[in-house]
Amino acid sequence: MKFYIIILSVLYFTFFIFPQGKELREDVTVTNVELPVRVIFKKSPISGLTKDDFMLFVNGKEKKISGFYEEKKKISIGEAEYQANQRTFDPRLFVLVFNITSFHLDVNKGIDYFFNHVIKVGDKLMVLINDKFLPEIVVEDLKSEKEKLKKISREQSKKANVHMAKIVLDLESSLRRLKYLLADKSHPAGLSKIQLIERYLIKYLEYFRLYKQSYLIPDMNKYYNFAKYLDQRKEKKWVINFYQFEKYPKLKQKSRFRRQVEQFVAEGEASFGQQADVLIPARQIQKLLFAIEKETEIADDFPVKEIKQLFLQVNTTFHTLFMKSIEILDSEDYELKKISTDIESSLREITKVTGGELLLSNNLELSLKTISEVEDIFYVLSYAPEENEKSASIRIELPGKSYKIIYNRNVYEDFFSNFLKRKKSLEKEIKLKDLDFSNRKLTFFISGFKSQKVKNKDVGKIEIAIKIINSDKKKVFNQKKGIAIKEMKTKISIKFNKLKPGNYSVIVNVRDLLNNSSVEDYMKFTVK
């Protein structure tokens with residue numbers, strides 16, 4: 001199952017939203033730029049401001065505000081008002097996005113409330129449930145659409161449960177095999193107990209990383225398509241996200257196996273004096289346990305700020321309803337623990353800047369009632385761009401007022417195409433290769449780092465940390481240094497002329513300071 005949150009696949013857009021055989025073209029001349037602006041004071045939106053209250057600066061120069069209006073919108077419509085104005089009722093667009101792993105009574109009641117009290121006949125509806133997509137329709141029969149949504153929600157949650165059960169089965173099977181090997185005193189394949197544990201932890205980490213890449217890291221191209229689609233719609237529009245927190249099977253801290261691992265590591269540390277090859281595997285296990293804890297706590301490989309800026313353009317109100325997962329796992333060694341994902345972070349940011357409400361409750365009836373009464377208030381400022389002005393840095397001020405102003409600070413002639421170009425610079429993953437120590441010189445190569453323009457040159461900023469440990473388990477070198485590098489593949493060479501003859505281990509950690517990614521490698525060497 002793929003947990004697509006506010007994501008539509010390119011395939012769905014091709015076949016269901018854009019007419020087949022027609023290419024969407026946007027070769028237009030921009031004569032007016034519109035800027036949605038929200039003004040907040042003590043968490044409440046401010047109404048009643050006029051054009052004269054605002055000052056607009058484009059690329060550092062004050063610009064005349066050529067157009068201005070205030071807009072208010074609220075989901076709630078009284079039944080009497082709806083009946084009285086049914087003939088002239090302007091249809092609204094609702095996009096419901098579900099990330100659910102269990103279809104429980106609260107979800108059922110929430111769907112009932114939405115169709116009984118929120119959406120009206122004539123409104124437009126689009127639904128995403130996990131990896132199931134229901135294209136936009138004009139609602140004509142509330143009851144049939146409600147039952148259809150419930151049926152698909154049940155099917156998708158069941159599919160999610162089956163998928164997670166398979167993951168648990170695979171992990172428990174792998175751990176049972178490890179326990180069997182640890183109990184075998186002959187040490188199969190010549191591996192020590194600590195090496196067997198290391199091999200298992202590497203497999204566990206690789207399994208989670210594959211799961212994270214497949215299910216927890218959103219596809220930016222799909223965010224792009226969804227945002228662009230919303231931008232083209234002129235109705236009043238809302239996106240309501242129903243998000244059950246992600247869970248993944250993690251090793252229990254107090255399980256017998258975890259204690260056994262920690263005991264083997266301690267024994268390895270203690271026996272270092274007699275067995276020179278034990279420290280590195282022991283350290284590797286500690287590093288693996290740390291990496292597992294870090295990566296299964298949060299999946300953070302996604303540019304949340306970029307996504308927030310993208311959805312500031314589309315004039316859509318996002319509401320996010322977070323729900324606790326009720327699933328539990330009956331296992332001796334594993335427990336289902338929450339993973340904070342970039343999907344979750346994106347939803348928080350998008351909700352905050354689009355005038356929506358963020359609620360944490362499994363009572364979806366109450367949550368939907370609450371967001372129905374939320375009034376989104378914003379202003380739209382317009383200005384005429386200069387000739388051939390492809391991009392602009394925007395600053396908006398309210399002189400004499402201590403209000404928070406939310407708006408998009410960078411405007412492009414085609415913001416969405418530009419977004420895709422800019423995102424490529426965010427996909428860098430730093431690499432450390434060819435670690436070597438010979439002739440008292442440590443060498444390695446760094447590549448894949450993120451860069452930024454400095455005096456028209458691409459420059460990366462990295463931090464290198466190096467530790468050298470002797471055979472007595474003492475650090476003889478432990479330093480870190482930040483440097484700027486310009487070559488996309490850079491060779492680092494460091495002389496260590498003062499090292500005494502003997503056996504050593506070196507650990508090199510390289511961190512990309514522009515996107516906070518890091519990589520580490522180590523090796524053993526001998527100085528004669």
# chains A, B, ... in the order shown; residues from 1 in each chain; ligands from 1

$ residues_around --residues "A:Trp238" --least-positions-apart "6" --cutoff "9 Å" --atoms "only C-alpha atoms" --output "PyMOL selection string"
chain A and resi 75+92-96+316-319+356

$ write_last_selection --atoms "N, CA and C atoms" --output "short mmCIF file (atom, residue, chain, number, x, y, z; two decimals), in the first residue's frame"
data_model
loop_
_atom_site.label_atom_id
_atom_site.label_comp_id
_atom_site.auth_asym_id
_atom_site.auth_seq_id
_atom_site.Cartn_x
_atom_site.Cartn_y
_atom_site.Cartn_z
N ILE A 75 -17.07 26.79 5.21
CA ILE A 75 -17.73 25.59 4.70
C ILE A 75 -19.21 25.56 5.07
N ARG A 92 -19.04 24.14 -4.86
CA ARG A 92 -17.72 24.19 -4.25
C ARG A 92 -16.98 22.88 -4.56
N LEU A 93 -15.68 22.90 -4.41
CA LEU A 93 -14.88 21.71 -4.64
C LEU A 93 -14.30 21.23 -3.32
N PHE A 94 -14.59 19.97 -2.97
CA PHE A 94 -14.01 19.32 -1.79
C PHE A 94 -13.10 18.18 -2.24
N VAL A 95 -11.88 18.17 -1.73
CA VAL A 95 -10.97 17.06 -1.96
C VAL A 95 -10.75 16.38 -0.61
N LEU A 96 -11.18 15.13 -0.50
CA LEU A 96 -10.98 14.35 0.74
C LEU A 96 -9.79 13.43 0.54
N THR A 316 -6.22 27.59 -1.87
CA THR A 316 -7.07 26.52 -1.38
C THR A 316 -6.88 26.41 0.13
N THR A 317 -7.98 26.22 0.86
CA THR A 317 -7.88 26.05 2.31
C THR A 317 -7.71 24.58 2.64
N PHE A 318 -6.67 24.27 3.40
CA PHE A 318 -6.39 22.90 3.82
C PHE A 318 -6.76 22.74 5.29
N HIS A 319 -7.50 21.70 5.60
CA HIS A 319 -7.76 21.31 6.99
C HIS A 319 -7.14 19.93 7.21
N GLY A 356 -6.28 27.09 7.28
CA GLY A 356 -7.03 25.94 7.75
C GLY A 356 -6.85 25.67 9.23
#

$ select_by_dssp --residues "stretch 109-342 of chain A" --states "alpha helix (DSSP H)" --output "count of residues only"
123

$ residues_around --residues "stretch 359-368 of chain A" --least-positions-apart "2" --cutoff "7 Å" --atoms "only C-alpha atoms" --output "number ranges by chain"
A: 106-107, 109-110, 113, 320-324, 357, 370-372

$ residues_around --residues "stretch 53-58 of chain A" --least-positions-apart "2" --cutoff "7 Å" --atoms "only C-alpha atoms" --output "PyMOL selection string"
chain A and resi 49-51+60-63+65+392-398

$ select_by_dssp --residues "stretch 388-503 of chain A" --states "strand (DSSP E)" --output "MDAnalysis selection string"
chainID A and resid 391:397 404:406 410:412 431:438 441:447 452:454 457:470 475:485 489:495 502:503

$ write_last_selection --atoms "C-alpha atoms" --output "mmCIF file, in the first residue's frame"
data_model
loop_
_atom_site.group_PDB
_atom_site.id
_atom_site.type_symbol
_atom_site.label_atom_id
_atom_site.label_comp_id
_atom_site.auth_asym_id
_atom_site.auth_seq_id
_atom_site.Cartn_x
_atom_site.Cartn_y
_atom_site.Cartn_z
ATOM 1 C CA SER A 391 10.947 36.149 -11.336
ATOM 2 C CA ALA A 392 10.444 38.450 -8.402
ATOM 3 C CA SER A 393 11.327 38.647 -4.716
ATOM 4 C CA ILE A 394 8.239 39.861 -2.847
ATOM 5 C CA ARG A 395 7.975 41.793 0.406
ATOM 6 C CA ILE A 396 4.639 42.946 1.840
ATOM 7 C CA GLU A 397 4.361 45.291 4.797
ATOM 8 C CA LYS A 404 1.820 38.381 11.000
ATOM 9 C CA ILE A 405 1.638 38.380 7.206
ATOM 10 C CA ILE A 406 1.596 35.078 5.278
ATOM 11 C CA ASN A 410 9.037 34.410 -4.476
ATOM 12 C CA VAL A 411 6.992 34.743 -7.652
ATOM 13 C CA TYR A 412 7.863 33.224 -11.016
ATOM 14 C CA LYS A 431 28.742 10.318 -1.001
ATOM 15 C CA LEU A 432 32.091 9.314 0.505
ATOM 16 C CA LYS A 433 34.176 6.892 -1.576
ATOM 17 C CA ASP A 434 37.629 5.292 -1.884
ATOM 18 C CA LEU A 435 38.695 5.727 1.733
ATOM 19 C CA ASP A 436 42.404 4.869 1.909
ATOM 20 C CA PHE A 437 45.379 5.248 4.250
ATOM 21 C CA SER A 438 48.840 4.708 2.831
ATOM 22 C CA LYS A 441 48.258 9.928 4.147
ATOM 23 C CA LEU A 442 44.460 9.627 4.507
ATOM 24 C CA THR A 443 42.584 10.127 1.221
ATOM 25 C CA PHE A 444 38.949 9.925 0.142
ATOM 26 C CA PHE A 445 36.567 11.440 -2.403
ATOM 27 C CA ILE A 446 33.406 13.480 -1.697
ATOM 28 C CA SER A 447 30.601 13.936 -4.231
ATOM 29 C CA GLN A 452 24.452 27.135 -3.836
ATOM 30 C CA LYS A 453 25.467 30.104 -5.968
ATOM 31 C CA VAL A 454 28.288 32.239 -4.538
ATOM 32 C CA LYS A 457 29.862 29.751 -8.802
ATOM 33 C CA ASP A 458 28.356 26.565 -7.383
ATOM 34 C CA VAL A 459 29.760 26.075 -3.885
ATOM 35 C CA GLY A 460 29.066 23.318 -1.373
ATOM 36 C CA LYS A 461 29.538 23.546 2.397
ATOM 37 C CA ILE A 462 30.547 20.409 4.247
ATOM 38 C CA GLU A 463 31.865 19.395 7.646
ATOM 39 C CA ILE A 464 34.475 16.640 7.919
ATOM 40 C CA ALA A 465 34.962 14.809 11.244
ATOM 41 C CA ILE A 466 37.881 12.377 11.612
ATOM 42 C CA LYS A 467 38.660 10.061 14.523
ATOM 43 C CA ILE A 468 41.723 7.820 14.730
ATOM 44 C CA ILE A 469 41.849 5.144 17.459
ATOM 45 C CA ASN A 470 44.932 3.150 18.390
ATOM 46 C CA LYS A 475 41.707 8.402 20.427
ATOM 47 C CA VAL A 476 44.922 9.806 19.017
ATOM 48 C CA PHE A 477 43.133 12.190 16.667
ATOM 49 C CA ASN A 478 39.632 13.657 16.956
ATOM 50 C CA GLN A 479 38.851 16.803 14.960
ATOM 51 C CA LYS A 480 36.170 18.270 12.743
ATOM 52 C CA LYS A 481 36.345 21.125 10.273
ATOM 53 C CA GLY A 482 33.929 22.910 7.939
ATOM 54 C CA ILE A 483 35.092 23.663 4.404
ATOM 55 C CA ALA A 484 33.680 25.090 1.180
ATOM 56 C CA ILE A 485 34.180 22.991 -1.950
ATOM 57 C CA LYS A 489 33.882 15.440 -6.999
ATOM 58 C CA THR A 490 36.534 16.549 -4.543
ATOM 59 C CA LYS A 491 39.570 14.615 -3.343
ATOM 60 C CA ILE A 492 40.541 15.142 0.293
ATOM 61 C CA SER A 493 44.136 14.328 1.370
ATOM 62 C CA ILE A 494 45.475 14.711 4.924
ATOM 63 C CA LYS A 495 48.983 13.855 6.106
ATOM 64 C CA GLY A 502 51.104 0.395 15.188
ATOM 65 C CA ASN A 503 47.558 -0.668 14.312
#

$ closest_residue --among "A:Glu262, A:Gln156, A:Gln313, A:Lys305" --to "A:Gln232" --atoms "only C-alpha atoms"
A:Gln313
